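One structure below.
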Amino acid sequence: MAFDVHEGSTGAATLRWRGQALAAALAGWVLGTALQLQQGALWPAGRYLALAMAAGAVVVLALWHRSRRPVAGAALLWLLAAALAAFAVTGGRAQHRLAQQLAPALEGRDVVLVGTIARMPQRSAVGWRFRFDVDEARLDGAAVRLPPRVQLAWYGSVSTADETDAARPLAAALCAGDRWQLTARLKVPHGNQNPHGFDYELWLWEQGLRATGYVRTGPRDTPPRRLAVGGWSVERWRQSVRDRILGGANAQDADARRFAGIVAALVTGDQNVIERADWDVFRATGVAHLMSISGLHITMFSWLAVALVGALWRRLGRWAGSARWNPCLWLPAPTAALVGGVALAAGYALFSGWGVPAQRTVLMLATFAGLRLSGLRWPWWLTWLLACAVVLAADPWALLQAGFWLSFVAVAILFATDSRASGARGAGAGGQFFIKLLREQWVVTLALTPLSLILFGQASVVGLLANLLAIPWVTLLVTPLALAGVLWAPLWQAAGWALAPLAWVLQALAAWPWASVQMAAAPLLPGVAAVAGGVLLALRWPWPWRLAGVPLLLPLLLWQPARPPAGQFELLAADVGQGSAVVVRTAGHTLLYDAGPRYSLESDAGHRVLVPLLRAFGERVDMLLLSHRDSDHVGGARAILATQPGASVLSSIEDDHELQGTRPAMRCQAGQQWTWDGVEFSVLHPDAADYATAAKSNALSCVLRVRAGARVALLVGDIETAQELRLAARHDDLRADVLLVPHHGSRTSSSAPFIDAVQPRWALVQSGYRNRFGHPAPAVLARYAERGARVVDSPRCGAMRWHSGRPDVVRCQRDEARRYWHHEPMPPIGGR
């Protein structure tokens with residue numbers, strides 16, 4: 001379809017109408033998808049069917065309107081029809097997916113599953129994690145319906161009972177394609193919900209995983225049985241390649257193990273084998289997109305495949321001799337190269353795990369190839385819009401992923417600026433390539449830096465230099481060596497050697513004081529304006545026009561989140577799972593009370609939740625108060641201290657605790673007081689003598705009272721009944737508007753005299769969904785309810801926010817950011 005026809009002909013008018021109608025329909029599809037993703041709850045299926053029928057009626061109206069009205073009116077009708085259709089289709093798909101969710105009655109029950117390991121399992125220090133396709137499921141001998149695919153964890157070493165001799169244990173590794181019978185305890189997908197945090201439930205939804213759980217391997221559980229060894233499959237091959245790469249590294253050489261993990265990620269797409277410290281370096285230098293299977297790798301692979309297939313096809317044509325057997329006569333070499341390149345790119349994406357970024361890239365490449373093969377000549381923006389619509393038709397929830405916006409904005413800006421470097425034609429081939437790479441990277445950096453600040457709260461200052469070095473090095477040297485290693489294993493070691501100098505350069509760049517910048521998360525309008533400003537600066541327009549983008553950047557660069565006024569404070573109890581972490585903000589200071597739990601040897605609440613949360617609010621922590629040494633309170637402290645160099649530490653941890661080596665802590669002690677911005681902070685417990693007599697770490701929990709006028713918050717850690725009674729007896733006025741419920745609602749705390757002394761208006765419970773301790777205990781919640789306290793817990797509320805200036809309101813993140821894929825557990829007894 002060409003759009004450069006003359007105005008006067010009837011054919012030109014027809015083509016122009018078709019082009020406008022197509023553009024409007026594609027834009028409408030994107031718009032309708034975006035609107036449906038904003039739904040807090042799904043409608044009944046009948047409403048989506050009615051919308052689909054309405055879309056059909058609008059199409060009929062648009063066709064009728066075409067013969068009687070101006071073209072512009074018809075284009076609006078096509079936009080409306082496509083938007084209604086996209087809304088209806090996406091809603092219908094969501095209804096189908098929601099219907100697959102685990103029934104609440106099966107949560108926490110031991111269900112016997114028979115099925116197949118669907119994907120390459122991932123191993124960590126604490127066990128395995130894998131996806132399991134369920135063929136049969138039984139509860140107490142009766143068949144039950146489960147989601148077709150679930151995600152399971154298998155903690156500890158894998159041991160089974162051989163099906164021929166159930167008494168004889170058999171050490172085993174989990175392999176994709178193997179058929180197993182095992183007992184699992186499942187739950188509905190549930191993740192932490194925090195402002196500007198990662199939406200784990202959306203990720204599970206997009207992957208089609210409607211239940212999670214773990215394999216039961218206790219002494220009273222029936223041992224899992226491997227029923228059959230899987231045959232050949234892509235996933236089994238991927239796992240074999242990954243294990244060979246990792247197994248070939250020298251176990252005594254830390255660098256060799258690190259580089260083997262990166263090589264394995266480049267070949268098989270398993271990002272979990274890259275160490276966290278390396279990820280930190282890659283993010284600081286802006287090259288994280290290169291160190292796993294991304295759209296760039298698949299695109300580069302496709303270009304290489306196009307060149308190789310085209311050269312091979314032409315060579316076959318010359319070898320054929322006879323015209324009858326010449327392949328170029330029945331399929332031209334350019335066509336064969338394009339089809340072969342996209343097909344091989346799809347094969348690479350499939351081998352790398354067929355992740356969402358890989359699927360998106362293959363769909364984009366297939367769309368561009370289809371247009372070229374059909375002979376259609378479309379404007380770049382229409383081609384780009386078609387690719388967007390195709391990707392969203394396949395995966396509408398990709399619109400909410402950062403990778404979607406980064407990739408499509410980058411492609412759009414490269415199209416719009418014409419990536420051919422001006423003045424490069426007179427240079428040699430090497431100079432041409434370098435100038436082209438320099439310009440493309442500069443353009444993409446200008447356009448994507450504001451977007452990166454919006455999506456991640458940080459951007460790399462050294463990213464341009466790092467990518468200029470890393471892109472050709474990784475795509476033209478490391479990745480080809482890594483892929484060729486599948487055919488000849490010694491090349492994997494060569495790929496690791498090739499990574500060594502690059503890693504040294506990246507570490508040196510990341511060590512610069514201003515290697516990356518961080519900014520608080522801005523609202524939507526300043527963010528959109530900043531992205532538009534970056535795009536204007538990158539366009540090949542006259543400089544006076546391009547410089548008009550600079551003022552558009554200022555709202556984002558100057559944005560500062562609102563803080564409480566002097567004499568007031570805000571409390572944010574983060575959703576960290578089974579643990580405690582509370583951010584207290586005054587007009588000019590920030591205190592973090594506890595740092596959340598450690599989830600595993602590789603993951604903790606500091607790295608996953610608190611650091612991104614503090615960055616999004618632009619916080620500089622003045623004090624980290626760690627109530628006591630338990631890991632669910634100090635697990636994320638190391639990550640906090642690494643990113644908050646100005647924070648002092650107040651805690652009851654012992655002198656030889658490992659955190660003392662990171663930053664010495666001052667001992668918390670009753671009687672300590674200070675004032676920030678008119679807000680009083682007081683430590684009420686423990687006494688100096690308690691450090692010598694306390695038998696449990698809970699008894700040493702630092703109790704902090706925060707007072708602003710008549711408004712009080714009381715943060716008490718894991719104190720138990722004995723400490724509660726001492727506090728109630730010692731303080732004549734212990735009343736508080738907000739109480740962080742002691743010990744997450746354990747039966748050993750929240751005694752009746754203590755609740756009577758505090759008389760809380762709000763009782764905040766920080767606990768994990770369906771945690772193994774049963775927190776909060778029903779009896780404890782009943783005591784609060786009897787005394788009129790309103791209980792709010794993090795599994796139902798997510799992050800909980802309370803402001804001393806609005807004492808009657810606790811804001812719940814799950815309520816404010818609700819979407820239909822979010823789990824809504826039942827409120828606790830006494831909750832609101």
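Starting from 1 in every chain, residues are counted up; chains themselves are A, B, ... following the order of the structure tokens, and ligands are numbered from 1 as listed.
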List the neighbours of A:His823 out to 8 Å using only C-alpha atoms; skip same-chain residues closer than 4 positions along the sequence, and give me the result as a short mmCIF file (atom, residue, chain, number, x, y, z; two decimals) with C-alpha atoms, in the first residue's frame.
```cif
data_model
loop_
_atom_site.label_atom_id
_atom_site.label_comp_id
_atom_site.auth_asym_id
_atom_site.auth_seq_id
_atom_site.Cartn_x
_atom_site.Cartn_y
_atom_site.Cartn_z
CA VAL A 188 -3.54 -18.40 45.04
CA PRO A 189 -0.87 -16.16 43.44
CA HIS A 190 -0.09 -13.42 45.93
CA GLU A 201 0.97 -10.93 40.57
#
```
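Residues surrounding A:Gly534 within 12 Å are Val409, Ala410, Ile413, Trp442, Val443, Val444, Thr445, Leu446, Ala447, Leu448, Thr449, Pro450, Leu451, Ser452, Leu453, Gly527, Val528, Ala529, Leu539, Arg546, Leu547, Ala548, Gly549, Val550, Pro551, Leu552, Leu553, Leu554 and Leu556 of chain A [only C-alpha atoms; sequence separation below 5 positions excluded].
Distances to A:Cys388 were evaluated for A:Phe754, A:Gln39, A:Asp140, A:Leu26 using only C-alpha atoms, and the minimum falls at A:Leu26.
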>> My list of candidates is A:Leu174, A:Leu764, A:Ile454, A:Val461. Which is closest to A:Ala616 when distances are computed with only C-alpha atoms?
In response: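 Among A:Leu174, A:Leu764, A:Ile454, A:Val461, it is A:Ile454 that comes nearest to A:Ala616.
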>> Please list as a ChimeraX atom specification every residue within 10 Å of A:Ala595, counting only C-alpha atoms and excluding residues in the same chain fewer than 4 positions away.
In response: /A:574,576,579-583,604-607,609-611,624-627,631-640
May I have the selected residues written with C-alpha atoms, as a compact mmCIF listing (two decimals), in the first residue's frame?
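Saved result, again18.txt, follows:
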```txt
# COMPACT_ATOMS: atom_id res chain seq x y z
CA ALA A 574 5.82 -1.57 53.71
CA VAL A 576 7.55 -7.08 52.89
CA GLY A 579 8.68 -9.33 58.50
CA SER A 580 8.71 -5.71 59.56
CA ALA A 581 9.75 -2.47 57.87
CA VAL A 582 8.20 0.94 58.55
CA VAL A 583 9.22 4.26 56.99
CA ASP A 604 16.03 -9.90 50.78
CA ALA A 605 13.43 -7.22 51.42
CA GLY A 606 16.04 -4.47 51.34
CA HIS A 607 17.09 -5.19 47.78
CA VAL A 609 11.30 -3.81 48.23
CA LEU A 610 12.85 -1.10 50.39
CA VAL A 611 15.62 0.24 48.15
CA LEU A 624 17.96 2.96 60.52
CA LEU A 625 16.46 1.59 63.72
CA LEU A 626 16.68 -2.21 63.88
CA SER A 627 14.43 -3.41 66.67
CA SER A 631 16.27 -12.10 60.38
CA ASP A 632 12.73 -10.99 59.55
CA HIS A 633 13.66 -7.57 60.95
CA VAL A 634 17.28 -7.14 59.84
CA GLY A 635 17.35 -9.25 56.67
CA GLY A 636 17.40 -6.25 54.33
CA ALA A 637 19.67 -4.03 56.43
CA ARG A 638 22.83 -4.64 54.43
CA ALA A 639 21.18 -3.48 51.18
CA ILE A 640 19.82 -0.39 52.93
```
> Suppose you want the space between atom CA of A:Phe198 and atom CA of A:Thr285; what is it in Å?
Replying inline: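 Atom-to-atom, atom CA of A:Phe198 to atom CA of A:Thr285, that is 21.3 Å.
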> Which polymer residues have any atom within 8 Å of an atom of A:Met291, counting only C-alpha atoms, with same-chain residues fewer than 2 positions away left out, as a count of residues only?
Replying inline: 8
> Looking at only C-alpha atoms, which of A:Ala389, A:Leu80, A:Trp313, A:Trp674 is the one that sits closest to A:Pro334?
Replying inline: A:Trp313
>> So that I can see what lies close to A:Arg663, please list as a list in words the residues with an atom at most 9 Å from it, counting only C-alpha atoms and leaving out residues fewer than 5 positions away in the same chain.
In response: Leu641, Ser648 and Val649 of chain A
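Between A:Arg226 and the candidates A:Leu524, A:Leu182, A:Cys668, A:Val679, the tightest atom-to-atom separation, counting only C-alpha atoms, involves A:Leu182.
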>> Among stretch 372-610 of chain A, which ones does DSSP assign to strand (DSSP E) (computed from the backbone)? Answer as a list in words.
In response: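 Selecting the strand (DSSP E) positions of stretch 372-610 of chain A gives Gln458, Ala459, Ser460, Ser516, Val517, Gln518, Glu570, Leu571, Leu572, Ala573, Val582, Val583, Val584, Arg585, Thr590, Leu591, Leu592 and Tyr593 of chain A.
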> Within 12 Å of A:Tyr155, counting only C-alpha atoms, which residues qualify if same-chain residues fewer than 4 places away don't, as a list in words?
Replying inline: Gln122, Arg123, Ser124, Ala125, Val126, Gly127, Trp128, Arg129, Phe130, Ser159, Ala184, Gly213, Tyr214, Val215, Arg216, Thr217, Gly218 and Ser600 of chain A
Using N, CA, C and O atoms, can you export the residues from the last selection as a short mmCIF file (atom, residue, chain, number, x, y, z; two decimals), in the first residue's frame?
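The file below, selection-v6.cif, is the result:
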```cif
data_model
loop_
_atom_site.label_atom_id
_atom_site.label_comp_id
_atom_site.auth_asym_id
_atom_site.auth_seq_id
_atom_site.Cartn_x
_atom_site.Cartn_y
_atom_site.Cartn_z
N GLN A 122 15.00 -24.01 37.75
CA GLN A 122 16.05 -23.10 38.19
C GLN A 122 16.46 -23.46 39.60
O GLN A 122 15.63 -23.62 40.48
N ARG A 123 17.76 -23.57 39.78
CA ARG A 123 18.29 -24.01 41.07
C ARG A 123 18.88 -22.83 41.82
O ARG A 123 19.50 -21.95 41.23
N SER A 124 18.69 -22.82 43.14
CA SER A 124 19.27 -21.79 44.00
C SER A 124 19.91 -22.48 45.20
O SER A 124 19.95 -23.72 45.29
N ALA A 125 20.37 -21.66 46.13
CA ALA A 125 21.04 -22.21 47.31
C ALA A 125 20.06 -22.96 48.20
O ALA A 125 20.49 -23.79 49.02
N VAL A 126 18.76 -22.67 48.09
CA VAL A 126 17.79 -23.31 48.99
C VAL A 126 16.96 -24.39 48.31
O VAL A 126 16.17 -25.06 48.98
N GLY A 127 17.13 -24.60 47.03
CA GLY A 127 16.37 -25.64 46.37
C GLY A 127 16.11 -25.34 44.91
O GLY A 127 16.92 -24.69 44.24
N TRP A 128 14.96 -25.81 44.42
CA TRP A 128 14.60 -25.67 43.01
C TRP A 128 13.30 -24.91 42.87
O TRP A 128 12.46 -24.91 43.77
N ARG A 129 13.13 -24.30 41.72
CA ARG A 129 11.86 -23.66 41.35
C ARG A 129 11.57 -24.05 39.91
O ARG A 129 12.44 -23.97 39.04
N PHE A 130 10.32 -24.48 39.66
CA PHE A 130 10.00 -24.98 38.31
C PHE A 130 8.51 -24.85 38.06
O PHE A 130 7.70 -24.68 38.97
N SER A 159 15.24 -35.55 46.72
CA SER A 159 15.33 -37.00 46.92
C SER A 159 13.96 -37.58 46.67
O SER A 159 12.94 -36.96 46.96
N ALA A 184 1.91 -31.50 46.90
CA ALA A 184 2.21 -30.07 46.95
C ALA A 184 1.16 -29.34 47.77
O ALA A 184 0.00 -29.77 47.84
N GLY A 213 3.11 -22.81 44.87
CA GLY A 213 3.18 -23.68 46.03
C GLY A 213 4.54 -24.32 46.17
O GLY A 213 5.51 -23.92 45.53
N TYR A 214 4.61 -25.31 47.04
CA TYR A 214 5.88 -26.00 47.27
C TYR A 214 5.63 -27.50 47.45
O TYR A 214 4.54 -27.94 47.84
N VAL A 215 6.64 -28.27 47.16
CA VAL A 215 6.58 -29.73 47.25
C VAL A 215 6.75 -30.14 48.71
O VAL A 215 7.64 -29.66 49.41
N ARG A 216 5.89 -31.03 49.16
CA ARG A 216 5.94 -31.53 50.54
C ARG A 216 6.92 -32.70 50.60
O ARG A 216 6.74 -33.71 49.91
N THR A 217 7.94 -32.56 51.42
CA THR A 217 8.98 -33.60 51.52
C THR A 217 9.27 -33.95 52.97
O THR A 217 10.36 -34.41 53.30
N GLY A 218 8.31 -33.72 53.87
CA GLY A 218 8.52 -34.02 55.28
C GLY A 218 8.53 -35.52 55.54
O GLY A 218 8.17 -36.34 54.68
N SER A 600 15.91 -15.41 50.88
CA SER A 600 16.81 -16.51 50.55
C SER A 600 18.23 -15.97 50.61
O SER A 600 18.45 -14.80 50.94
#
```
